[in-house]
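**Student:** I have a structure I would like to understand better, so I am pasting it below and will then ask my questions one at a time.
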Amino acid sequence: MNTLQDLTILDQLDHLNHMITQTEEFKRYCKYNYLMNNDSEVLEIVSEFKRLKEDFEEVQRFGKYHPDFTTKRREVNQYKKKLDLHPVVMEYRRAEYQLQALLDEVLFHMSEDISENVNIVSDNPFFTKESSGGCSTGGGCSCAS
């Protein structure tokens, strides 16, 4: 590629980036990311969860034979649930998922325009290309074993 083409592509990427940062998905993600990092209740729960998790990891080295194994595991699970069910955390994860879905869709459409054979890495099955797979993937394989 020549320098002019490189600059044109980079300008177009900057424009695409700007467009993405203007979406509701991005704005919602930024709002809840800010809240996740500044809400005192969330920060307190996260801090306590990390402390409990570190305690459990120390106990876990000895496995289920440690006298506090079950108690520590239960504490970690309860705080994890408390964290997961906090409204700010739930909305943050929802916003994160929606932004990721938008980015996956953009990348999918870009790759389609380039080539049908371009691999897209995504957790969203909607954006994965159909493949017959091979012997190692358990897919339909035409080789003779």
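Labeling convention for the structure tokens: chains A, B, ... as they appear, residues from 1 per chain, ligands from 1 in order of appearance.
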Using only C-alpha atoms, which protein or nucleic acid residues come within 8 Å of Ile45 in chain A? Drop anything in the same chain fewer than 2 positions from it, and give the result as a list in words.
**Tutor:**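 The residues satisfying every condition are Glu41, Val42, Leu43, Ser47, Glu48, Phe49, Tyr79, Lys82 and Leu83 of chain A.
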**Student:** I'd like the contact shell of Val76 in chain A - 7 Å cut-off, only C-alpha atoms, skipping same-chain residues fewer than 2 positions apart - returned as a PDB file with all heavy atoms, in the first residue's frame.
**Tutor:**
ATOM      1  N   PHE A  49     -15.355  -8.490  48.009  1.00  0.00           N
ATOM      2  CA  PHE A  49     -15.328  -9.702  47.197  1.00  0.00           C
ATOM      3  C   PHE A  49     -13.892 -10.120  46.895  1.00  0.00           C
ATOM      4  O   PHE A  49     -13.543 -11.296  47.011  1.00  0.00           O
ATOM      5  CB  PHE A  49     -16.114  -9.496  45.897  1.00  0.00           C
ATOM      6  CG  PHE A  49     -16.013 -10.662  44.957  1.00  0.00           C
ATOM      7  CD1 PHE A  49     -16.638 -11.861  45.245  1.00  0.00           C
ATOM      8  CD2 PHE A  49     -15.281 -10.563  43.781  1.00  0.00           C
ATOM      9  CE1 PHE A  49     -16.546 -12.951  44.385  1.00  0.00           C
ATOM     10  CE2 PHE A  49     -15.178 -11.632  42.918  1.00  0.00           C
ATOM     11  CZ  PHE A  49     -15.810 -12.829  43.221  1.00  0.00           C
ATOM     12  N   LEU A  52     -12.346 -11.589  50.070  1.00  0.00           N
ATOM     13  CA  LEU A  52     -12.859 -12.931  50.326  1.00  0.00           C
ATOM     14  C   LEU A  52     -12.290 -13.940  49.326  1.00  0.00           C
ATOM     15  O   LEU A  52     -11.980 -15.078  49.682  1.00  0.00           O
ATOM     16  CB  LEU A  52     -14.385 -12.939  50.266  1.00  0.00           C
ATOM     17  CG  LEU A  52     -15.106 -12.241  51.413  1.00  0.00           C
ATOM     18  CD1 LEU A  52     -16.592 -12.128  51.120  1.00  0.00           C
ATOM     19  CD2 LEU A  52     -14.862 -12.957  52.730  1.00  0.00           C
ATOM     20  N   LYS A  53     -12.166 -13.510  48.091  1.00  0.00           N
ATOM     21  CA  LYS A  53     -11.620 -14.393  47.051  1.00  0.00           C
ATOM     22  C   LYS A  53     -10.158 -14.745  47.346  1.00  0.00           C
ATOM     23  O   LYS A  53      -9.748 -15.894  47.192  1.00  0.00           O
ATOM     24  CB  LYS A  53     -11.750 -13.718  45.689  1.00  0.00           C
ATOM     25  CG  LYS A  53     -11.464 -14.626  44.524  1.00  0.00           C
ATOM     26  CD  LYS A  53     -11.758 -13.930  43.225  1.00  0.00           C
ATOM     27  CE  LYS A  53     -11.275 -14.771  42.076  1.00  0.00           C
ATOM     28  NZ  LYS A  53     -11.298 -14.046  40.818  1.00  0.00           N
ATOM     29  N   LYS A  72     -15.480 -20.638  53.464  1.00  0.00           N
ATOM     30  CA  LYS A  72     -14.887 -19.596  52.609  1.00  0.00           C
ATOM     31  C   LYS A  72     -15.497 -19.617  51.210  1.00  0.00           C
ATOM     32  O   LYS A  72     -15.751 -18.569  50.620  1.00  0.00           O
ATOM     33  CB  LYS A  72     -13.364 -19.766  52.516  1.00  0.00           C
ATOM     34  CG  LYS A  72     -12.640 -19.596  53.831  1.00  0.00           C
ATOM     35  CD  LYS A  72     -12.589 -18.151  54.213  1.00  0.00           C
ATOM     36  CE  LYS A  72     -11.777 -17.961  55.478  1.00  0.00           C
ATOM     37  NZ  LYS A  72     -11.810 -16.603  55.970  1.00  0.00           N
ATOM     38  N   ARG A  73     -15.716 -20.813  50.679  1.00  0.00           N
ATOM     39  CA  ARG A  73     -16.316 -20.922  49.345  1.00  0.00           C
ATOM     40  C   ARG A  73     -17.723 -20.336  49.357  1.00  0.00           C
ATOM     41  O   ARG A  73     -18.122 -19.617  48.443  1.00  0.00           O
ATOM     42  CB  ARG A  73     -16.334 -22.367  48.876  1.00  0.00           C
ATOM     43  CG  ARG A  73     -16.900 -22.504  47.458  1.00  0.00           C
ATOM     44  CD  ARG A  73     -16.901 -23.897  46.951  1.00  0.00           C
ATOM     45  NE  ARG A  73     -17.783 -24.684  47.809  1.00  0.00           N
ATOM     46  CZ  ARG A  73     -17.834 -26.006  47.813  1.00  0.00           C
ATOM     47  NH1 ARG A  73     -17.041 -26.706  47.047  1.00  0.00           N
ATOM     48  NH2 ARG A  73     -18.662 -26.648  48.601  1.00  0.00           N
ATOM     49  N   ARG A  74     -18.487 -20.622  50.403  1.00  0.00           N
ATOM     50  CA  ARG A  74     -19.845 -20.104  50.521  1.00  0.00           C
ATOM     51  C   ARG A  74     -19.831 -18.569  50.605  1.00  0.00           C
ATOM     52  O   ARG A  74     -20.634 -17.898  49.962  1.00  0.00           O
ATOM     53  CB  ARG A  74     -20.537 -20.686  51.749  1.00  0.00           C
ATOM     54  CG  ARG A  74     -22.018 -20.345  51.816  1.00  0.00           C
ATOM     55  CD  ARG A  74     -22.742 -21.039  52.959  1.00  0.00           C
ATOM     56  NE  ARG A  74     -22.708 -22.493  52.793  1.00  0.00           N
ATOM     57  CZ  ARG A  74     -22.159 -23.337  53.686  1.00  0.00           C
ATOM     58  NH1 ARG A  74     -21.625 -22.885  54.783  1.00  0.00           N
ATOM     59  NH2 ARG A  74     -22.181 -24.628  53.462  1.00  0.00           N
ATOM     60  N   GLN A  78     -21.596 -16.083  47.944  1.00  0.00           N
ATOM     61  CA  GLN A  78     -22.624 -15.138  48.369  1.00  0.00           C
ATOM     62  C   GLN A  78     -22.273 -13.715  47.951  1.00  0.00           C
ATOM     63  O   GLN A  78     -23.135 -12.971  47.484  1.00  0.00           O
ATOM     64  CB  GLN A  78     -22.820 -15.211  49.883  1.00  0.00           C
ATOM     65  CG  GLN A  78     -23.543 -16.449  50.331  1.00  0.00           C
ATOM     66  CD  GLN A  78     -23.559 -16.616  51.840  1.00  0.00           C
ATOM     67  OE1 GLN A  78     -22.799 -15.980  52.565  1.00  0.00           O
ATOM     68  NE2 GLN A  78     -24.427 -17.494  52.324  1.00  0.00           N
ATOM     69  N   TYR A  79     -20.997 -13.342  48.105  1.00  0.00           N
ATOM     70  CA  TYR A  79     -20.603 -11.988  47.705  1.00  0.00           C
ATOM     71  C   TYR A  79     -20.600 -11.835  46.190  1.00  0.00           C
ATOM     72  O   TYR A  79     -20.904 -10.769  45.672  1.00  0.00           O
ATOM     73  CB  TYR A  79     -19.248 -11.602  48.310  1.00  0.00           C
ATOM     74  CG  TYR A  79     -19.412 -10.555  49.370  1.00  0.00           C
ATOM     75  CD1 TYR A  79     -19.793 -10.894  50.657  1.00  0.00           C
ATOM     76  CD2 TYR A  79     -19.250  -9.212  49.065  1.00  0.00           C
ATOM     77  CE1 TYR A  79     -19.991  -9.926  51.616  1.00  0.00           C
ATOM     78  CE2 TYR A  79     -19.445  -8.237  50.016  1.00  0.00           C
ATOM     79  CZ  TYR A  79     -19.818  -8.595  51.290  1.00  0.00           C
ATOM     80  OH  TYR A  79     -20.021  -7.629  52.229  1.00  0.00           O
ATOM     81  N   LYS A  80     -20.265 -12.894  45.491  1.00  0.00           N
ATOM     82  CA  LYS A  80     -20.312 -12.859  44.032  1.00  0.00           C
ATOM     83  C   LYS A  80     -21.753 -12.618  43.576  1.00  0.00           C
ATOM     84  O   LYS A  80     -22.019 -11.802  42.688  1.00  0.00           O
ATOM     85  CB  LYS A  80     -19.787 -14.173  43.451  1.00  0.00           C
ATOM     86  CG  LYS A  80     -19.945 -14.339  41.953  1.00  0.00           C
ATOM     87  CD  LYS A  80     -18.850 -13.654  41.210  1.00  0.00           C
ATOM     88  CE  LYS A  80     -18.828 -14.064  39.762  1.00  0.00           C
ATOM     89  NZ  LYS A  80     -19.501 -13.129  38.892  1.00  0.00           N
TER      90      LYS A  80
END
**Student:** Can you work out the spacing between CA of Phe62 in chain A and CA of Lys81 in chain A in Å, to one decimal?
**Tutor:** 24.6 Å
**Student:** Mind checking DSSP for range 9-145 of chain A and telling me the helix (DSSP H, G or I) residues as an NGL selection string?
**Tutor:** :A and (9-21 or 24-38 or 40-60 or 63-65 or 69-84 or 87-114 or 125-127 or 135-137)
**Student:** Please report the interatomic distance between CA of Arg93 in chain A and CA of Asn119 in chain A in Å with one decimal.
**Tutor:**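 CA of Asn119 in chain A lies at a distance of 26.1 Å from CA of Arg93 in chain A.
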**Student:** Compile the contact shell of Tyr92 in chain A as number ranges by chain: residues with an atom at most 10 Å away, counting only C-alpha atoms, same-chain residues fewer than 6 positions apart removed.
**Tutor:** A: 28-36, 86, 98
**Student:** Work out how far apart CA of Phe108 in chain A and CA of Leu16 in chain A are and give it in Å to one decimal.
**Tutor:** 14.2 Å
**Student:** From the options A:Ile20, A:Val121, A:Met90, A:Glu54, which residue's atoms come nearest to Asp104 in chain A, counting only C-alpha atoms?
**Tutor:**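 Closest candidate: A:Val121.
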